[in-house]
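K.L.:
Mind having a look at this structure? Questions to follow.
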2 protein chains.
Amino acid sequence: MAKYAPAVAKLIAALGKLPGIGNKTAQRLCFYILSRPDEEAFALAEAIREAKTKVQLCKSCCNLSDVDPCPICSDPKRDHSLLCVLEQPADVAAIERSQDYNGLYHVLHGAISPMNHVSAEDIKLRELLERLQQHPEITEVILANNSTVEGEATAMFIARLLQSTGIRVSRIAQGLPSGSSLEFADEMTLARALAGRQVIQEDSSFNF
Amino acid sequence: MAKYAPAVAKLIAALGKLPGIGNKTAQRLCFYILSRPDEEAFALAEAIREAKTKVQLCKSCCNLSDVDPCPICSDPKRDHSLLCVLEQPADVAAIERSQDYNGLYHVLHGAISPMNHVSAEDIKLRELLERLQQHPEITEVILANNSTVEGEATAMFIARLLQSTGIRVSRIAQGLPSGSSLEFADEMTLARALAGRQVIQEDSSFNF
């Protein structure tokens, strides 16, 4: 192991624990941090401490928030009858960016994956069911789980659980990504784009 | 911009300032940090703070150290007549890892690069010259600057500065990296490997 000062070695080790950051990158980040003005380095340390101290899960939607309930759950202007179920807080940010959804969210924090020892109890599924019971105003659940094997399985599992509740359960559409060519789409995407085809009507809302 | 809690947005912004960390990676790192136990997140924050507080440049060799002079400069077992000049603290670690060098170091913290507005005054060159004056026991300076255009230019610049001092100035060898094939070496490497060829003698110290 290289002869670094103990405090340097400690910082490299701490940075190296981050996902996707190997030893070389950790070294580079460490030397970069040490080369910056005190304020900037301390600001990073403080941002970590502050985020970790202040940010909790919203008790209603399980999204990350520094207030409880979170700004989305407590926004009276949003449609409280629509609930979009997703895997990660980053997914909420992604959908919010599309500016096309005005309902509420529920963050599962994962997907059921027996291979990785993640069962239904390890994700925020119980919280979802309790929420649906306590909030009969929710009339549609949109399953926006990832389009991966685990995401699909989790979506199907939830759909089956909600079958008898009378709540409308939908799954986000799968097909060609916007702006992409048919030529480069994989078989699965094409198969699903075909299966999910929609009739074009005179009064259709499609934008050409 | 996505609707994140202020503390989350602040952490993403702080992480995004690190080199090679874009907005997406900063988000991923942020969510990872928030998903870890308090101890681990606080340990990272504390490691940054501690490294930045404790670690300074050794006044002699300009390497990062939490003591002054650094353990290498104050080690009586090392050869104080040999001085290896390099660009970055990481380079010291790289040479120490080879376990083949027992002299001292001098870290320039950069290379002269007019394109990037880095002049001779912006690197620890004055410190090198003062050190050589104050320490007449240094008889050889090994220029281990990177083999880049800037590194070469800086090495040549230093070599010229030291020309009249009587100090032996050498440059680390350039040639085929150990374990590599001739087939995949670039022209410049091959040209330098040929130019730097060494006669093989009966009593040679080459290891076959």
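A note on labels: chains of the structure tokens are A, B, ... as shown, every chain counts residues from 1, and ligands are counted from 1 in their shown order.
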From the DSSP assignment of the backbone, select every residue of region 114-200 of chain A that is strand (DSSP E or B), and format the answer as a ChimeraX atom specification.
P.N.:
/A:118,140-143,168-171
K.L.:
Report as a ChimeraX atom specification the set of chain A residues whose atoms approach chain B to within 7 Å, with distances computed over only C-alpha atoms.
P.N.:
/A:1-3,5,7-8,10-11,14-15,18-19,29,34,38,41-42,44-52,55,65-66,93,96-97
K.L.:
Which residues are close to Ile158 (chain A), i.e. within 10 Å by only C-alpha atoms, leaving aside same-chain residues fewer than 3 positions away? Reply as a PyMOL selection string.
P.N.:
chain A and resi 85+120+125+128-129+141+143+152-155+161-163+169
K.L.:
I need the chosen residues saved as a PDB file, in the first residue's frame, with C-alpha atoms.
P.N.:
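Everything below was put into result_16.pdb:
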ATOM      1  CA  VAL A  85     -45.388   3.717  -7.858  1.00  0.00           C
ATOM      2  CA  ALA A 120     -41.592  -8.120  -0.713  1.00  0.00           C
ATOM      3  CA  LEU A 125     -44.906  -2.451  -0.178  1.00  0.00           C
ATOM      4  CA  LEU A 128     -48.204   1.202  -0.106  1.00  0.00           C
ATOM      5  CA  LEU A 129     -51.032  -1.155   0.911  1.00  0.00           C
ATOM      6  CA  VAL A 141     -52.246   3.238  -9.241  1.00  0.00           C
ATOM      7  CA  LEU A 143     -46.957   1.073 -11.843  1.00  0.00           C
ATOM      8  CA  GLU A 152     -41.679  -6.254 -14.215  1.00  0.00           C
ATOM      9  CA  ALA A 153     -42.016  -8.985 -11.586  1.00  0.00           C
ATOM     10  CA  THR A 154     -42.603  -6.411  -8.837  1.00  0.00           C
ATOM     11  CA  ALA A 155     -45.213  -4.617 -10.960  1.00  0.00           C
ATOM     12  CA  LEU A 161     -52.280  -7.781  -4.792  1.00  0.00           C
ATOM     13  CA  LEU A 162     -54.544  -4.906  -5.842  1.00  0.00           C
ATOM     14  CA  GLN A 163     -56.766  -7.003  -8.117  1.00  0.00           C
ATOM     15  CA  VAL A 169     -54.061  -0.477 -11.817  1.00  0.00           C
TER      16      VAL A 169
END
K.L.:
May I ask for the distance between CA of Ser119 (chain B) and CA of Gly16 (chain B), given in Å to one decimal place?
P.N.:
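A separation of 28.4 Å between them.
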K.L.:
Would you mind reading off the distance between CA of Glu187 (chain B) and CA of Gln174 (chain B), one decimal, in Å?
P.N.:
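Straight-line distance from CA of Glu187 (chain B) to CA of Gln174 (chain B) works out to 12.4 Å.
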K.L.:
Mind checking which residues fall within 12 Å of Ser74 (chain A), counting only C-alpha atoms, ignoring those fewer than 2 positions away in the same chain, and posting them as a ChimeraX atom specification?
P.N.:
/A:58-61,65,67-72,76-80,103-105
K.L.:
Could you tell me how far CA of Thr148 (chain B) sits from CA of Gly110 (chain B), in Å to one decimal place?
P.N.:
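Taking CA of Gly110 (chain B) as the start and CA of Thr148 (chain B) as the end point, the length is 11.8 Å.
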K.L.:
Could you tell me, as number ranges by chain, which residues of region 5-206 of chain A DSSP assigns to alpha helix (DSSP H) when given the backbone?
P.N.:
A: 6-16, 23-35, 38-54, 89-98, 125-134, 149-161, 187-195
K.L.:
Applying 12 Å and only C-alpha atoms, which residues near Gln133 (chain A) remain after dropping the ones on its own chain fewer than 6 positions away? List them as a ChimeraX atom specification.
P.N.:
/A:126-127,139,162,165-167
K.L.:
Could you write out the selected residues, including all heavy atoms, as a PDB file, in the first residue's frame?
P.N.:
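Result written to result-v9.pdb:
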ATOM      1  N   ARG A 126     -45.671  -2.791   2.110  1.00  0.00           N
ATOM      2  CA  ARG A 126     -46.638  -2.723   3.204  1.00  0.00           C
ATOM      3  C   ARG A 126     -47.143  -1.280   3.344  1.00  0.00           C
ATOM      4  O   ARG A 126     -48.336  -1.041   3.501  1.00  0.00           O
ATOM      5  CB  ARG A 126     -45.962  -3.175   4.506  1.00  0.00           C
ATOM      6  CG  ARG A 126     -46.904  -3.208   5.711  1.00  0.00           C
ATOM      7  CD  ARG A 126     -46.110  -3.498   6.978  1.00  0.00           C
ATOM      8  NE  ARG A 126     -45.299  -4.696   6.832  1.00  0.00           N
ATOM      9  CZ  ARG A 126     -45.749  -5.941   7.108  1.00  0.00           C
ATOM     10  NH1 ARG A 126     -46.976  -6.107   7.534  1.00  0.00           N
ATOM     11  NH2 ARG A 126     -44.957  -6.972   6.961  1.00  0.00           N
ATOM     12  N   GLU A 127     -46.195  -0.313   3.232  1.00  0.00           N
ATOM     13  CA  GLU A 127     -46.560   1.095   3.334  1.00  0.00           C
ATOM     14  C   GLU A 127     -47.530   1.487   2.217  1.00  0.00           C
ATOM     15  O   GLU A 127     -48.457   2.262   2.437  1.00  0.00           O
ATOM     16  CB  GLU A 127     -45.300   1.978   3.247  1.00  0.00           C
ATOM     17  CG  GLU A 127     -44.405   1.965   4.495  1.00  0.00           C
ATOM     18  CD  GLU A 127     -43.476   0.761   4.572  1.00  0.00           C
ATOM     19  OE1 GLU A 127     -43.605  -0.165   3.727  1.00  0.00           O
ATOM     20  OE2 GLU A 127     -42.608   0.742   5.468  1.00  0.00           O
ATOM     21  N   THR A 139     -57.764   6.435  -6.741  1.00  0.00           N
ATOM     22  CA  THR A 139     -58.572   5.569  -7.610  1.00  0.00           C
ATOM     23  C   THR A 139     -57.744   4.878  -8.687  1.00  0.00           C
ATOM     24  O   THR A 139     -58.200   3.943  -9.317  1.00  0.00           O
ATOM     25  CB  THR A 139     -59.679   6.384  -8.306  1.00  0.00           C
ATOM     26  OG1 THR A 139     -59.068   7.503  -8.945  1.00  0.00           O
ATOM     27  CG2 THR A 139     -60.702   6.880  -7.303  1.00  0.00           C
ATOM     28  N   LEU A 162     -53.517  -5.947  -5.812  1.00  0.00           N
ATOM     29  CA  LEU A 162     -54.544  -4.906  -5.842  1.00  0.00           C
ATOM     30  C   LEU A 162     -55.773  -5.314  -6.651  1.00  0.00           C
ATOM     31  O   LEU A 162     -56.740  -4.561  -6.766  1.00  0.00           O
ATOM     32  CB  LEU A 162     -53.962  -3.609  -6.413  1.00  0.00           C
ATOM     33  CG  LEU A 162     -52.761  -3.012  -5.648  1.00  0.00           C
ATOM     34  CD1 LEU A 162     -52.335  -1.708  -6.286  1.00  0.00           C
ATOM     35  CD2 LEU A 162     -53.092  -2.797  -4.174  1.00  0.00           C
ATOM     36  N   THR A 165     -59.222  -4.938  -5.073  1.00  0.00           N
ATOM     37  CA  THR A 165     -59.520  -3.705  -4.335  1.00  0.00           C
ATOM     38  C   THR A 165     -60.422  -2.761  -5.105  1.00  0.00           C
ATOM     39  O   THR A 165     -60.942  -1.809  -4.542  1.00  0.00           O
ATOM     40  CB  THR A 165     -58.220  -2.937  -4.020  1.00  0.00           C
ATOM     41  OG1 THR A 165     -57.560  -2.666  -5.262  1.00  0.00           O
ATOM     42  CG2 THR A 165     -57.315  -3.730  -3.105  1.00  0.00           C
ATOM     43  N   GLY A 166     -60.576  -3.009  -6.410  1.00  0.00           N
ATOM     44  CA  GLY A 166     -61.389  -2.095  -7.211  1.00  0.00           C
ATOM     45  C   GLY A 166     -60.616  -0.875  -7.671  1.00  0.00           C
ATOM     46  O   GLY A 166     -61.139  -0.041  -8.411  1.00  0.00           O
ATOM     47  N   ILE A 167     -59.352  -0.767  -7.236  1.00  0.00           N
ATOM     48  CA  ILE A 167     -58.519   0.349  -7.699  1.00  0.00           C
ATOM     49  C   ILE A 167     -58.043   0.022  -9.116  1.00  0.00           C
ATOM     50  O   ILE A 167     -57.663  -1.120  -9.406  1.00  0.00           O
ATOM     51  CB  ILE A 167     -57.301   0.547  -6.777  1.00  0.00           C
ATOM     52  CG1 ILE A 167     -57.768   0.880  -5.356  1.00  0.00           C
ATOM     53  CG2 ILE A 167     -56.374   1.636  -7.310  1.00  0.00           C
ATOM     54  CD1 ILE A 167     -56.648   0.866  -4.330  1.00  0.00           C
TER      55      ILE A 167
END
K.L.:
Please provide as a ChimeraX atom specification all residues within 10 Å of Gly175 (chain B), with the sequence filter that same-chain residues fewer than 4 positions apart are discarded (counting only C-alpha atoms).
P.N.:
/B:185,188-197
K.L.:
Export N, CA, C and O atoms of the chosen residues as a short mmCIF file (atom, residue, chain, number, x, y, z; two decimals), in the first residue's frame?
P.N.:
data_model
loop_
_atom_site.label_atom_id
_atom_site.label_comp_id
_atom_site.auth_asym_id
_atom_site.auth_seq_id
_atom_site.Cartn_x
_atom_site.Cartn_y
_atom_site.Cartn_z
N ALA B 185 2.64 -0.98 -29.30
CA ALA B 185 3.26 0.26 -28.83
C ALA B 185 3.10 1.35 -29.90
O ALA B 185 3.15 1.06 -31.09
N MET B 188 5.86 6.90 -31.02
CA MET B 188 6.70 7.71 -30.15
C MET B 188 7.40 6.84 -29.11
O MET B 188 8.59 6.98 -28.86
N THR B 189 6.64 5.90 -28.53
CA THR B 189 7.21 5.01 -27.53
C THR B 189 8.32 4.17 -28.16
O THR B 189 9.41 4.02 -27.58
N LEU B 190 8.07 3.64 -29.36
CA LEU B 190 9.06 2.80 -30.04
C LEU B 190 10.30 3.62 -30.37
O LEU B 190 11.43 3.16 -30.17
N ALA B 191 10.08 4.85 -30.88
CA ALA B 191 11.21 5.71 -31.24
C ALA B 191 12.08 5.96 -30.01
O ALA B 191 13.31 5.88 -30.07
N ARG B 192 11.43 6.21 -28.87
CA ARG B 192 12.19 6.49 -27.65
C ARG B 192 12.84 5.25 -27.07
O ARG B 192 13.90 5.31 -26.47
N ALA B 193 12.16 4.10 -27.25
CA ALA B 193 12.74 2.85 -26.77
C ALA B 193 14.01 2.53 -27.56
O ALA B 193 15.00 2.06 -27.01
N LEU B 194 13.97 2.83 -28.88
CA LEU B 194 15.15 2.59 -29.74
C LEU B 194 16.26 3.56 -29.37
O LEU B 194 17.41 3.17 -29.18
N ALA B 195 15.90 4.84 -29.25
CA ALA B 195 16.90 5.86 -28.94
C ALA B 195 17.55 5.59 -27.57
O ALA B 195 18.72 5.87 -27.37
N GLY B 196 16.77 5.02 -26.66
CA GLY B 196 17.28 4.82 -25.30
C GLY B 196 17.86 3.45 -25.08
O GLY B 196 18.07 3.03 -23.94
N ARG B 197 18.14 2.73 -26.17
CA ARG B 197 18.64 1.35 -26.06
C ARG B 197 19.93 1.30 -25.26
O ARG B 197 20.73 2.24 -25.28
#
